[in-house]
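Trainee: The structure is given below, and queries will be raised subsequently.
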Amino acid sequence: MSRAELVYTAASTNRYFQAAGISPDGLVAFGSANLIALWDAEDTLDRGVRETLPGHEGVVTCVRFMDANAFVSADEKGWRTCATQQAHKGGVASLAVHGRCVATGASDSAVKIWRRLYAHLHPDTFQEVQTITIRKGFPISLALTSLPGTESHILAIGSTDRNIHLWTSAEGTFVQAATLSGHEDWVKSLAFRPPQNDGDALVLASGSQDATIRLWNIEPFVKPTFSSSGGSSSEVTDELLDAFEASLVNLEDTEDGGRQISLKRHILTVKSSQNSSQLFSVTFDALLVGHEAGVTSLSWRPQSSEDSLPTLLSTSTDSSLILWSPSTVLTSSTDGTTLWINRQRFGDVGGQRLGGFVGGLWARGGADAMTWGWNGGWRRWRCRSSVESSSSTTALEEWTEVGAITGHRAPVRSVAWSPGGEYLISASLDQTTRIHGAIPIERENGDDDDAPPVLVWHEIARPQVHGYDLIGAAFLDPLRFVSIADEKVARVFEAPREFVEVVSNLRIASLDSGEESRPRAAAVPPLGLSNKALTDASAVAEVNGDADDARTRRRPFEGELAAVTLWPEVEKIFGHGYESIALAVSNNKEYIATACKATSPEHAVVRVYDTQTWQPVGQPLAGHSLTVTRIAFSPDDSLVLSVSRDRTWRLFEKSEDGYVPIAADKSHGRIIWDCAWAPEGDLFATASRDKTVKIWQQKEDRKAWTAVATIPVKAAATAVAFAPTSSDSRSRTFAVGLESGEILLYASPRDKPSEWSCTLTIDSRLAHVDHVHRLAWRPTGAHGVHQLASCGEDGTLKLSTVHIADPE
């Protein structure tokens, strides 16, 4: 029986500050479009995303773990766990979890409180407990925890009215307790830090679009005793004020809620279980100023020991991540406030580059600080060592950046292998092309010293960062590729010396490249679209920083991929009158074929170019009346097959004057999305929106091709590809990608091309949840296994190892 194993997933993280959460065991769950991706951040081999979970119908906005075995996720349409719940009329913007209690805030101006109900042998369910209506503004951030020493909960709601609303509950119902003002813009993030020791306060951190962070202390309120003896006049004044404030608080008052008794202090009244009341004071403690733009997320560091300093992680749209902790040197011991200082600052200097950071997390028990950016890629910094300073309670930590995970943040339209299968290239509507390669990683603490290294896939280069949505890319040789975008031009790129060094140093491939003659790197000039080669040492240093041999001995980080891994553009190919839509490269790499969007026969042509001179080969291949959707060269390059929106396929044969038409057919009832040749060249397949795949075989007359099989599938067939076969194989196999995201494998005896049976269905957990755009089998090589790369409308690129069984 055939089976598939997921090897690699490239997925980006959504642009919501709560789109990722981490479990106590270090498992990161994050929203990637409509999917939930799972990434083990503590994996010693750093294998990246290990699984994706389908189920959401909208873009995932929030993910929060309830415990090590369950998490809650919300999207623009509702929210779900192991149970699915329609929670709000609008998109869920924020989510808070504490124990069995869940709070959700949405764009319908409501905050809802839910309770998790455990069910034996059945999925857990959630019961709606309360709905809180926000009268002014929208709830865009939530935080939920327990009040110290009580069974009551406190809920903080950050709003677009620039205030923080505190609600407390004693008997399951929340009542409004206080409104904390001070921020001058939307309150985008909230985070509670529970008391670590007796006598510590519960700390609430609030981050705002006004680029500041405010800290608020919540602690039991003790009525002060007034003493008139001794002290200066200012001290007496302070005591008098405190006594006056305390006199306003009636300790017999049993009503839940709160009142503001000064600009400095708020008093919360909470019912206790003995039908009495307990008072808590809320005081403003510190203002943290350091970010140059809005604060996007806050996270408290897990405490490693009782005397370790509290540390707050903050991220901002200014592309910086800051670690804050209180200063133990400069703080006065008498004024009762805390001076917080910026201990570490990571990220990019120079403002809002690429949209900044969206959210941040702690991992590995506080040893890793992680953040994801506007483009969906993660960056990670690791605390390597801690050198004790003169103060016993503070330490000087050394942090270094380490690799994380990346992915396209828009639909991926194309994926293609290098000629030898060393690495693959993907093109996406996020206006980038990316190269992904397998890095051999030695096993740690293995019992078998002779065990082969583990191949771990990562993005190793981002050769093109364009101004147009990219539609397709294909290799001409291991160090050159051609790409098309939503423009009339095809562009050719050649690898710089730095890419060759990275591939060689990481042992991804051994390339004979004439390295010294290559430019060192590439850069995009201001207001330009073309990558220009950099050969001058000073120009390279200006873009890439000082020449750093260490950088080429590790995989590039997310912050470097878009800046220092570009490839120089060496050629532009013109000819079409409208935006490019299809691209193919011949198997001997001597020709490329392109097509553009078309609504008339005049433009619905395929243009073939010579890859040495970049001049047209013969006349454009005419015959279609609407856009050509896919082009494929036969294995010996003697034939060119094209399929179109006009529901026809056309075949062109090579002659002295280029390619000339020899056959055509209009058997499909809807648009034909894709076509592919069998490795032997005697069959080709067409995949259509009419929910069929047709297999065509050549008859004795070379110009006659007939449909020998029509294979029905349950959704529109959007991609098709034949698996490479060996000469002694008794069967053929092809894969079909569907509009629903599933991938099907069909097999046939080699001598019976009309008999096809489905041998494997790769469902949406291993495949995709939306339109599959391309399928590409890895060329047969030393790896010795069948590997299938796929990309789709859901924004993911996936690589699976497929074990193919011969049909019975």
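Ordered as shown in the structure tokens, chains take letters A, B, and onward, while each chain numbers its residues from 1 and ligands are numbered from 1 in the order shown.
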Write out as a PDB file with all heavy atoms, in the first residue's frame each polymer residue whose atoms come within 8 Å of A:Glu51, counting only C-alpha atoms; drop sequence neighbours fewer than 3 positions from it.
Mentor:
ATOM      1  N   LEU A   6       5.198  13.453   5.763  1.00  0.00           N
ATOM      2  CA  LEU A   6       5.525  14.866   5.603  1.00  0.00           C
ATOM      3  C   LEU A   6       6.969  15.123   6.029  1.00  0.00           C
ATOM      4  O   LEU A   6       7.378  14.740   7.128  1.00  0.00           O
ATOM      5  CB  LEU A   6       4.565  15.723   6.440  1.00  0.00           C
ATOM      6  CG  LEU A   6       4.646  17.232   6.235  1.00  0.00           C
ATOM      7  CD1 LEU A   6       4.285  17.607   4.799  1.00  0.00           C
ATOM      8  CD2 LEU A   6       3.712  17.951   7.200  1.00  0.00           C
ATOM      9  N   THR A   9       7.516  21.606   5.798  1.00  0.00           N
ATOM     10  CA  THR A   9       6.423  22.547   5.566  1.00  0.00           C
ATOM     11  C   THR A   9       6.959  23.960   5.730  1.00  0.00           C
ATOM     12  O   THR A   9       7.579  24.275   6.759  1.00  0.00           O
ATOM     13  CB  THR A   9       5.269  22.328   6.563  1.00  0.00           C
ATOM     14  OG1 THR A   9       4.751  21.014   6.413  1.00  0.00           O
ATOM     15  CG2 THR A   9       4.146  23.332   6.318  1.00  0.00           C
ATOM     16  N   ALA A  37      -0.436  25.672  12.423  1.00  0.00           N
ATOM     17  CA  ALA A  37       0.819  24.941  12.237  1.00  0.00           C
ATOM     18  C   ALA A  37       1.444  24.661  13.599  1.00  0.00           C
ATOM     19  O   ALA A  37       1.371  25.497  14.509  1.00  0.00           O
ATOM     20  CB  ALA A  37       1.778  25.750  11.368  1.00  0.00           C
ATOM     21  N   LEU A  38       2.045  23.494  13.739  1.00  0.00           N
ATOM     22  CA  LEU A  38       2.683  23.083  14.997  1.00  0.00           C
ATOM     23  C   LEU A  38       4.184  22.991  14.787  1.00  0.00           C
ATOM     24  O   LEU A  38       4.653  22.311  13.872  1.00  0.00           O
ATOM     25  CB  LEU A  38       2.132  21.722  15.452  1.00  0.00           C
ATOM     26  CG  LEU A  38       0.617  21.650  15.675  1.00  0.00           C
ATOM     27  CD1 LEU A  38       0.219  20.258  16.134  1.00  0.00           C
ATOM     28  CD2 LEU A  38       0.164  22.693  16.688  1.00  0.00           C
ATOM     29  N   TRP A  39       4.916  23.675  15.656  1.00  0.00           N
ATOM     30  CA  TRP A  39       6.379  23.751  15.558  1.00  0.00           C
ATOM     31  C   TRP A  39       6.973  23.462  16.933  1.00  0.00           C
ATOM     32  O   TRP A  39       6.655  24.157  17.895  1.00  0.00           O
ATOM     33  CB  TRP A  39       6.776  25.148  15.050  1.00  0.00           C
ATOM     34  CG  TRP A  39       8.225  25.491  15.166  1.00  0.00           C
ATOM     35  CD1 TRP A  39       9.291  24.664  15.019  1.00  0.00           C
ATOM     36  CD2 TRP A  39       8.793  26.787  15.466  1.00  0.00           C
ATOM     37  NE1 TRP A  39      10.472  25.353  15.196  1.00  0.00           N
ATOM     38  CE2 TRP A  39      10.196  26.653  15.463  1.00  0.00           C
ATOM     39  CE3 TRP A  39       8.236  28.044  15.700  1.00  0.00           C
ATOM     40  CZ2 TRP A  39      11.051  27.723  15.727  1.00  0.00           C
ATOM     41  CZ3 TRP A  39       9.078  29.113  15.959  1.00  0.00           C
ATOM     42  CH2 TRP A  39      10.473  28.956  15.968  1.00  0.00           C
ATOM     43  N   ARG A 765      -4.640  17.183   6.152  1.00  0.00           N
ATOM     44  CA  ARG A 765      -3.653  17.313   7.245  1.00  0.00           C
ATOM     45  C   ARG A 765      -2.231  17.246   6.704  1.00  0.00           C
ATOM     46  O   ARG A 765      -1.327  17.928   7.198  1.00  0.00           O
ATOM     47  CB  ARG A 765      -3.870  16.230   8.301  1.00  0.00           C
ATOM     48  CG  ARG A 765      -5.083  16.464   9.177  1.00  0.00           C
ATOM     49  CD  ARG A 765      -5.185  15.390  10.239  1.00  0.00           C
ATOM     50  NE  ARG A 765      -4.176  15.573  11.270  1.00  0.00           N
ATOM     51  CZ  ARG A 765      -4.456  15.892  12.535  1.00  0.00           C
ATOM     52  NH1 ARG A 765      -5.693  16.086  12.895  1.00  0.00           N
ATOM     53  NH2 ARG A 765      -3.499  16.015  13.422  1.00  0.00           N
ATOM     54  N   LEU A 766      -2.010  16.399   5.686  1.00  0.00           N
ATOM     55  CA  LEU A 766      -0.680  16.288   5.093  1.00  0.00           C
ATOM     56  C   LEU A 766      -0.546  17.127   3.836  1.00  0.00           C
ATOM     57  O   LEU A 766       0.564  17.492   3.450  1.00  0.00           O
ATOM     58  CB  LEU A 766      -0.366  14.831   4.748  1.00  0.00           C
ATOM     59  CG  LEU A 766      -0.058  13.882   5.909  1.00  0.00           C
ATOM     60  CD1 LEU A 766       0.247  12.493   5.386  1.00  0.00           C
ATOM     61  CD2 LEU A 766       1.110  14.396   6.733  1.00  0.00           C
TER      62      LEU A 766
END
Trainee: What's around A:Gln698 at 12 Å? Count only C-alpha atoms, leave out sequence neighbours fewer than 2 positions away in its own chain, and write the answer as an NGL selection string.
Mentor: :A and (651 or 663 or 677-678 or 680-685 or 695-696 or 700-708 or 753)
Trainee: Which neighbours of stretch 204-218 of chain A fall inside 9 Å, counting only C-alpha atoms, when residues of the same chain fewer than 2 positions from it are skipped, and could you give them as a VMD selection string?
Mentor: chain A and resid 143 147 to 148 156 158 162 164 182 to 194 201 to 202 220 to 221 280 to 300 312 314 316
Trainee: Near A:Arg553, within 12 Å and counting only C-alpha atoms, which residues show up once chain neighbours fewer than 2 positions away are dropped, as an mmCIF file with all heavy atoms, in the first residue's frame?
Mentor:
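So selection03.cif came out as:
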data_model
loop_
_atom_site.group_PDB
_atom_site.id
_atom_site.type_symbol
_atom_site.label_atom_id
_atom_site.label_comp_id
_atom_site.auth_asym_id
_atom_site.auth_seq_id
_atom_site.Cartn_x
_atom_site.Cartn_y
_atom_site.Cartn_z
ATOM 1 N N ILE A 439 19.603 20.460 4.691
ATOM 2 C CA ILE A 439 20.893 20.613 5.373
ATOM 3 C C ILE A 439 21.163 19.360 6.202
ATOM 4 O O ILE A 439 20.348 18.989 7.047
ATOM 5 C CB ILE A 439 20.883 21.857 6.282
ATOM 6 C CG1 ILE A 439 20.534 23.110 5.457
ATOM 7 C CG2 ILE A 439 22.216 22.021 6.998
ATOM 8 C CD1 ILE A 439 20.330 24.346 6.302
ATOM 9 N N ILE A 460 16.964 28.665 2.242
ATOM 10 C CA ILE A 460 18.390 29.019 2.237
ATOM 11 C C ILE A 460 18.672 30.279 1.431
ATOM 12 O O ILE A 460 19.778 30.813 1.485
ATOM 13 C CB ILE A 460 19.251 27.852 1.713
ATOM 14 C CG1 ILE A 460 18.805 27.426 0.307
ATOM 15 C CG2 ILE A 460 19.210 26.686 2.675
ATOM 16 C CD1 ILE A 460 19.725 26.403 -0.347
ATOM 17 N N GLU A 498 28.101 34.243 -2.876
ATOM 18 C CA GLU A 498 27.705 33.930 -1.503
ATOM 19 C C GLU A 498 26.764 32.726 -1.452
ATOM 20 O O GLU A 498 26.855 31.901 -0.545
ATOM 21 C CB GLU A 498 27.054 35.159 -0.855
ATOM 22 C CG GLU A 498 26.787 34.969 0.615
ATOM 23 C CD GLU A 498 26.801 36.276 1.383
ATOM 24 O OE1 GLU A 498 27.773 37.052 1.248
ATOM 25 O OE2 GLU A 498 25.851 36.507 2.122
ATOM 26 N N PHE A 499 25.860 32.600 -2.419
ATOM 27 C CA PHE A 499 24.961 31.443 -2.436
ATOM 28 C C PHE A 499 25.758 30.160 -2.657
ATOM 29 O O PHE A 499 25.500 29.133 -1.998
ATOM 30 C CB PHE A 499 23.907 31.600 -3.538
ATOM 31 C CG PHE A 499 23.018 30.404 -3.696
ATOM 32 C CD1 PHE A 499 21.945 30.201 -2.836
ATOM 33 C CD2 PHE A 499 23.255 29.461 -4.690
ATOM 34 C CE1 PHE A 499 21.120 29.090 -2.970
ATOM 35 C CE2 PHE A 499 22.438 28.345 -4.828
ATOM 36 C CZ PHE A 499 21.365 28.160 -3.965
ATOM 37 N N VAL A 500 26.714 30.191 -3.570
ATOM 38 C CA VAL A 500 27.530 29.002 -3.827
ATOM 39 C C VAL A 500 28.269 28.592 -2.561
ATOM 40 O O VAL A 500 28.370 27.401 -2.221
ATOM 41 C CB VAL A 500 28.525 29.270 -4.982
ATOM 42 C CG1 VAL A 500 29.400 28.046 -5.234
ATOM 43 C CG2 VAL A 500 27.769 29.651 -6.254
ATOM 44 N N GLU A 501 28.779 29.573 -1.807
ATOM 45 C CA GLU A 501 29.488 29.260 -0.566
ATOM 46 C C GLU A 501 28.553 28.654 0.479
ATOM 47 O O GLU A 501 28.913 27.682 1.157
ATOM 48 C CB GLU A 501 30.136 30.536 -0.013
ATOM 49 C CG GLU A 501 31.298 31.054 -0.846
ATOM 50 C CD GLU A 501 31.835 32.372 -0.308
ATOM 51 O OE1 GLU A 501 31.297 32.843 0.728
ATOM 52 O OE2 GLU A 501 32.771 32.924 -0.903
ATOM 53 N N VAL A 502 27.345 29.216 0.598
ATOM 54 C CA VAL A 502 26.394 28.688 1.582
ATOM 55 C C VAL A 502 26.034 27.245 1.247
ATOM 56 O O VAL A 502 26.043 26.363 2.113
ATOM 57 C CB VAL A 502 25.126 29.571 1.629
ATOM 58 C CG1 VAL A 502 24.012 28.876 2.399
ATOM 59 C CG2 VAL A 502 25.439 30.918 2.264
ATOM 60 N N VAL A 503 25.727 26.956 -0.024
ATOM 61 C CA VAL A 503 25.340 25.610 -0.436
ATOM 62 C C VAL A 503 26.484 24.624 -0.197
ATOM 63 O O VAL A 503 26.272 23.493 0.235
ATOM 64 C CB VAL A 503 24.911 25.621 -1.926
ATOM 65 C CG1 VAL A 503 24.794 24.213 -2.467
ATOM 66 C CG2 VAL A 503 23.590 26.348 -2.088
ATOM 67 N N SER A 504 27.700 25.073 -0.459
ATOM 68 C CA SER A 504 28.855 24.202 -0.267
ATOM 69 C C SER A 504 29.157 23.997 1.217
ATOM 70 O O SER A 504 29.360 22.867 1.664
ATOM 71 C CB SER A 504 30.066 24.798 -0.983
ATOM 72 O OG SER A 504 31.232 24.055 -0.704
ATOM 73 N N ASN A 505 29.163 25.088 1.985
ATOM 74 C CA ASN A 505 29.506 24.987 3.404
ATOM 75 C C ASN A 505 28.485 24.180 4.193
ATOM 76 O O ASN A 505 28.833 23.485 5.148
ATOM 77 C CB ASN A 505 29.636 26.385 4.015
ATOM 78 C CG ASN A 505 30.833 27.139 3.487
ATOM 79 O OD1 ASN A 505 31.766 26.537 2.953
ATOM 80 N ND2 ASN A 505 30.822 28.456 3.614
ATOM 81 N N LEU A 506 27.215 24.286 3.815
ATOM 82 C CA LEU A 506 26.175 23.542 4.524
ATOM 83 C C LEU A 506 26.009 22.130 3.982
ATOM 84 O O LEU A 506 25.139 21.388 4.437
ATOM 85 C CB LEU A 506 24.842 24.294 4.424
ATOM 86 C CG LEU A 506 24.784 25.659 5.114
ATOM 87 C CD1 LEU A 506 23.407 26.288 4.942
ATOM 88 C CD2 LEU A 506 25.107 25.529 6.599
ATOM 89 N N ARG A 507 26.805 21.760 2.980
ATOM 90 C CA ARG A 507 26.792 20.422 2.378
ATOM 91 C C ARG A 507 25.437 20.084 1.747
ATOM 92 O O ARG A 507 25.005 18.935 1.742
ATOM 93 C CB ARG A 507 27.177 19.354 3.411
ATOM 94 C CG ARG A 507 28.598 19.506 3.934
ATOM 95 C CD ARG A 507 28.923 18.426 4.932
ATOM 96 N NE ARG A 507 28.103 18.556 6.128
ATOM 97 C CZ ARG A 507 27.822 17.549 6.957
ATOM 98 N NH1 ARG A 507 28.287 16.338 6.700
ATOM 99 N NH2 ARG A 507 27.089 17.740 8.024
ATOM 100 N N ILE A 508 24.761 21.104 1.233
ATOM 101 C CA ILE A 508 23.492 20.873 0.532
ATOM 102 C C ILE A 508 23.760 20.273 -0.839
ATOM 103 O O ILE A 508 23.059 19.368 -1.292
ATOM 104 C CB ILE A 508 22.712 22.196 0.415
ATOM 105 C CG1 ILE A 508 22.333 22.706 1.815
ATOM 106 C CG2 ILE A 508 21.472 22.043 -0.457
ATOM 107 C CD1 ILE A 508 21.765 24.100 1.815
ATOM 108 N N ASP A 548 31.576 38.401 6.194
ATOM 109 C CA ASP A 548 31.518 37.554 7.379
ATOM 110 C C ASP A 548 31.503 36.092 6.933
ATOM 111 O O ASP A 548 30.498 35.581 6.458
ATOM 112 C CB ASP A 548 30.249 37.896 8.174
ATOM 113 C CG ASP A 548 30.175 37.122 9.480
ATOM 114 O OD1 ASP A 548 31.127 36.375 9.775
ATOM 115 O OD2 ASP A 548 29.177 37.265 10.194
ATOM 116 N N ASP A 549 32.666 35.430 7.081
ATOM 117 C CA ASP A 549 32.740 34.028 6.688
ATOM 118 C C ASP A 549 31.814 33.171 7.529
ATOM 119 O O ASP A 549 31.291 32.157 7.066
ATOM 120 C CB ASP A 549 34.184 33.518 6.814
ATOM 121 C CG ASP A 549 35.098 34.140 5.764
ATOM 122 O OD1 ASP A 549 34.561 34.562 4.719
ATOM 123 O OD2 ASP A 549 36.306 34.204 5.994
ATOM 124 N N ALA A 550 31.595 33.584 8.786
ATOM 125 C CA ALA A 550 30.735 32.778 9.657
ATOM 126 C C ALA A 550 29.310 32.740 9.130
ATOM 127 O O ALA A 550 28.604 31.746 9.312
ATOM 128 C CB ALA A 550 30.762 33.342 11.081
ATOM 129 N N ARG A 551 28.878 33.815 8.464
ATOM 130 C CA ARG A 551 27.501 33.862 7.979
ATOM 131 C C ARG A 551 27.243 32.817 6.893
ATOM 132 O O ARG A 551 26.155 32.274 6.787
ATOM 133 C CB ARG A 551 27.157 35.254 7.461
ATOM 134 C CG ARG A 551 25.668 35.434 7.211
ATOM 135 C CD ARG A 551 25.288 36.821 6.770
ATOM 136 N NE ARG A 551 25.798 37.112 5.447
ATOM 137 C CZ ARG A 551 26.543 38.166 5.149
ATOM 138 N NH1 ARG A 551 26.877 39.018 6.099
ATOM 139 N NH2 ARG A 551 26.968 38.382 3.921
ATOM 140 N N ARG A 555 22.828 28.676 8.030
ATOM 141 C CA ARG A 555 21.735 29.114 7.156
ATOM 142 C C ARG A 555 21.360 30.560 7.474
ATOM 143 O O ARG A 555 21.486 31.003 8.622
ATOM 144 C CB ARG A 555 20.535 28.195 7.290
ATOM 145 C CG ARG A 555 19.910 28.124 8.679
ATOM 146 C CD ARG A 555 18.839 27.043 8.679
ATOM 147 N NE ARG A 555 18.257 26.855 9.999
ATOM 148 C CZ ARG A 555 17.161 27.444 10.436
ATOM 149 N NH1 ARG A 555 16.518 28.297 9.646
ATOM 150 N NH2 ARG A 555 16.692 27.206 11.633
ATOM 151 N N PRO A 556 20.896 31.299 6.490
ATOM 152 C CA PRO A 556 20.575 32.709 6.742
ATOM 153 C C PRO A 556 19.368 32.846 7.668
ATOM 154 O O PRO A 556 18.442 32.031 7.651
ATOM 155 C CB PRO A 556 20.239 33.256 5.342
ATOM 156 C CG PRO A 556 20.726 32.228 4.375
ATOM 157 C CD PRO A 556 20.727 30.926 5.085
ATOM 158 N N PHE A 557 19.388 33.912 8.488
ATOM 159 C CA PHE A 557 18.264 34.217 9.350
ATOM 160 C C PHE A 557 17.204 34.988 8.562
ATOM 161 O O PHE A 557 17.469 35.536 7.487
ATOM 162 C CB PHE A 557 18.713 35.043 10.555
ATOM 163 C CG PHE A 557 19.786 34.369 11.382
ATOM 164 C CD1 PHE A 557 20.800 35.112 11.971
ATOM 165 C CD2 PHE A 557 19.779 32.998 11.574
ATOM 166 C CE1 PHE A 557 21.788 34.502 12.728
ATOM 167 C CE2 PHE A 557 20.767 32.383 12.328
ATOM 168 C CZ PHE A 557 21.768 33.134 12.910
#
Trainee: Taking the DSSP assignment computed from this structure's backbone, write out as a ChimeraX atom specification all residues of stretch 525-630 of chain A that belong to strand (DSSP E or B).
Mentor: /A:532-534,569-573,580-585,591-596,606-610,616,621,628-630
Trainee: Those selected residues, please, written with C-alpha atoms and delivered as a PDB file, in the first residue's frame.
Mentor:
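Written output follows (selection39.pdb):
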ATOM      1  CA  LYS A 532      21.992  44.605  -9.660  1.00  0.00           C
ATOM      2  CA  ALA A 533      25.237  42.673  -9.209  1.00  0.00           C
ATOM      3  CA  LEU A 534      27.667  43.923  -6.560  1.00  0.00           C
ATOM      4  CA  GLU A 569      19.390  39.741 -12.658  1.00  0.00           C
ATOM      5  CA  VAL A 570      21.204  38.960 -15.910  1.00  0.00           C
ATOM      6  CA  GLU A 571      18.490  39.102 -18.580  1.00  0.00           C
ATOM      7  CA  LYS A 572      15.001  40.408 -19.357  1.00  0.00           C
ATOM      8  CA  ILE A 573      12.782  38.663 -21.920  1.00  0.00           C
ATOM      9  CA  SER A 580       2.699  36.646 -17.842  1.00  0.00           C
ATOM     10  CA  ILE A 581       0.744  33.630 -16.668  1.00  0.00           C
ATOM     11  CA  ALA A 582       2.624  30.420 -17.681  1.00  0.00           C
ATOM     12  CA  LEU A 583       6.283  29.358 -17.878  1.00  0.00           C
ATOM     13  CA  ALA A 584       8.055  26.143 -18.908  1.00  0.00           C
ATOM     14  CA  VAL A 585      11.709  25.172 -19.426  1.00  0.00           C
ATOM     15  CA  TYR A 591      14.407  26.591 -24.560  1.00  0.00           C
ATOM     16  CA  ILE A 592      11.885  28.393 -22.397  1.00  0.00           C
ATOM     17  CA  ALA A 593       8.227  28.886 -23.282  1.00  0.00           C
ATOM     18  CA  THR A 594       5.962  31.621 -21.881  1.00  0.00           C
ATOM     19  CA  ALA A 595       2.322  32.690 -22.184  1.00  0.00           C
ATOM     20  CA  CYS A 596       0.346  35.701 -20.982  1.00  0.00           C
ATOM     21  CA  VAL A 606       2.999  30.542 -26.571  1.00  0.00           C
ATOM     22  CA  ARG A 607       6.365  32.164 -27.234  1.00  0.00           C
ATOM     23  CA  VAL A 608       9.496  29.977 -27.274  1.00  0.00           C
ATOM     24  CA  TYR A 609      12.957  31.481 -26.662  1.00  0.00           C
ATOM     25  CA  ASP A 610      16.504  30.167 -26.999  1.00  0.00           C
ATOM     26  CA  PRO A 616      12.471  33.906 -30.220  1.00  0.00           C
ATOM     27  CA  LEU A 621       2.518  29.073 -31.187  1.00  0.00           C
ATOM     28  CA  VAL A 628      -2.949  29.516 -21.825  1.00  0.00           C
ATOM     29  CA  THR A 629      -2.839  28.100 -18.291  1.00  0.00           C
ATOM     30  CA  ARG A 630       0.062  25.626 -18.536  1.00  0.00           C
TER      31      ARG A 630
END
Trainee: Find, counting only C-alpha atoms, the residue in A:Thr733, A:Leu323, A:Pro779, A:Ser586 that gets nearest to A:Gly420.
Mentor: A:Pro779
Trainee: For A:Asp75, please output as a ChimeraX atom specification all residues within 10 Å (counting only C-alpha atoms; exclusion window: fewer than 4 positions along the same chain).
Mentor: /A:19,31,33-34,56-63,79-80,90-94,106
Trainee: Between A:Gln278, A:Ser638, A:Ser327, A:Thr13, which has the minimum distance to A:Gly359 (counting only C-alpha atoms)?
Mentor: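 Checking each of A:Gln278, A:Ser638, A:Ser327, A:Thr13 against A:Gly359, counting only C-alpha atoms, the winner is A:Thr13.
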Trainee: What does the distance from atom CA of A:Ile341 to atom CA of A:Gln303 come to in Å, to one decimal?
Mentor: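 Distance between the two atoms: 18.2 Å.
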Trainee: A:Ala74, A:Leu744, A:Ala562, A:Ala735: which is nearest A:Ala776, counting only C-alpha atoms?
Mentor: A:Ala735
Trainee: Would you please work out which residue, of A:Thr599, A:Thr432, A:Ser146, A:Ser141, is nearest to A:Cys101 when using only C-alpha atoms?
Mentor: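 Nearest to A:Cys101: A:Ser146.
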Trainee: What separation in Å, quoted to one decimal, exists between atom CA of A:Lys666 and atom CA of A:Arg650?
Mentor: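 Taking atom CA of A:Lys666 and atom CA of A:Arg650, their separation equals 9.2 Å.
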Trainee: Pick from A:Ser754, A:Pro526, A:Asp806, A:Lys597: nearest to A:Arg732, with only C-alpha atoms counted?
Mentor: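 Under the stated criterion, the closest residue is A:Asp806.
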Trainee: Report the residues of stretch 505-699 of chain A whose backbone DSSP state falls under helix (DSSP H, G or I), written as number ranges by chain.
Mentor: A: 505, 515-517, 537-544, 551-553, 558-564
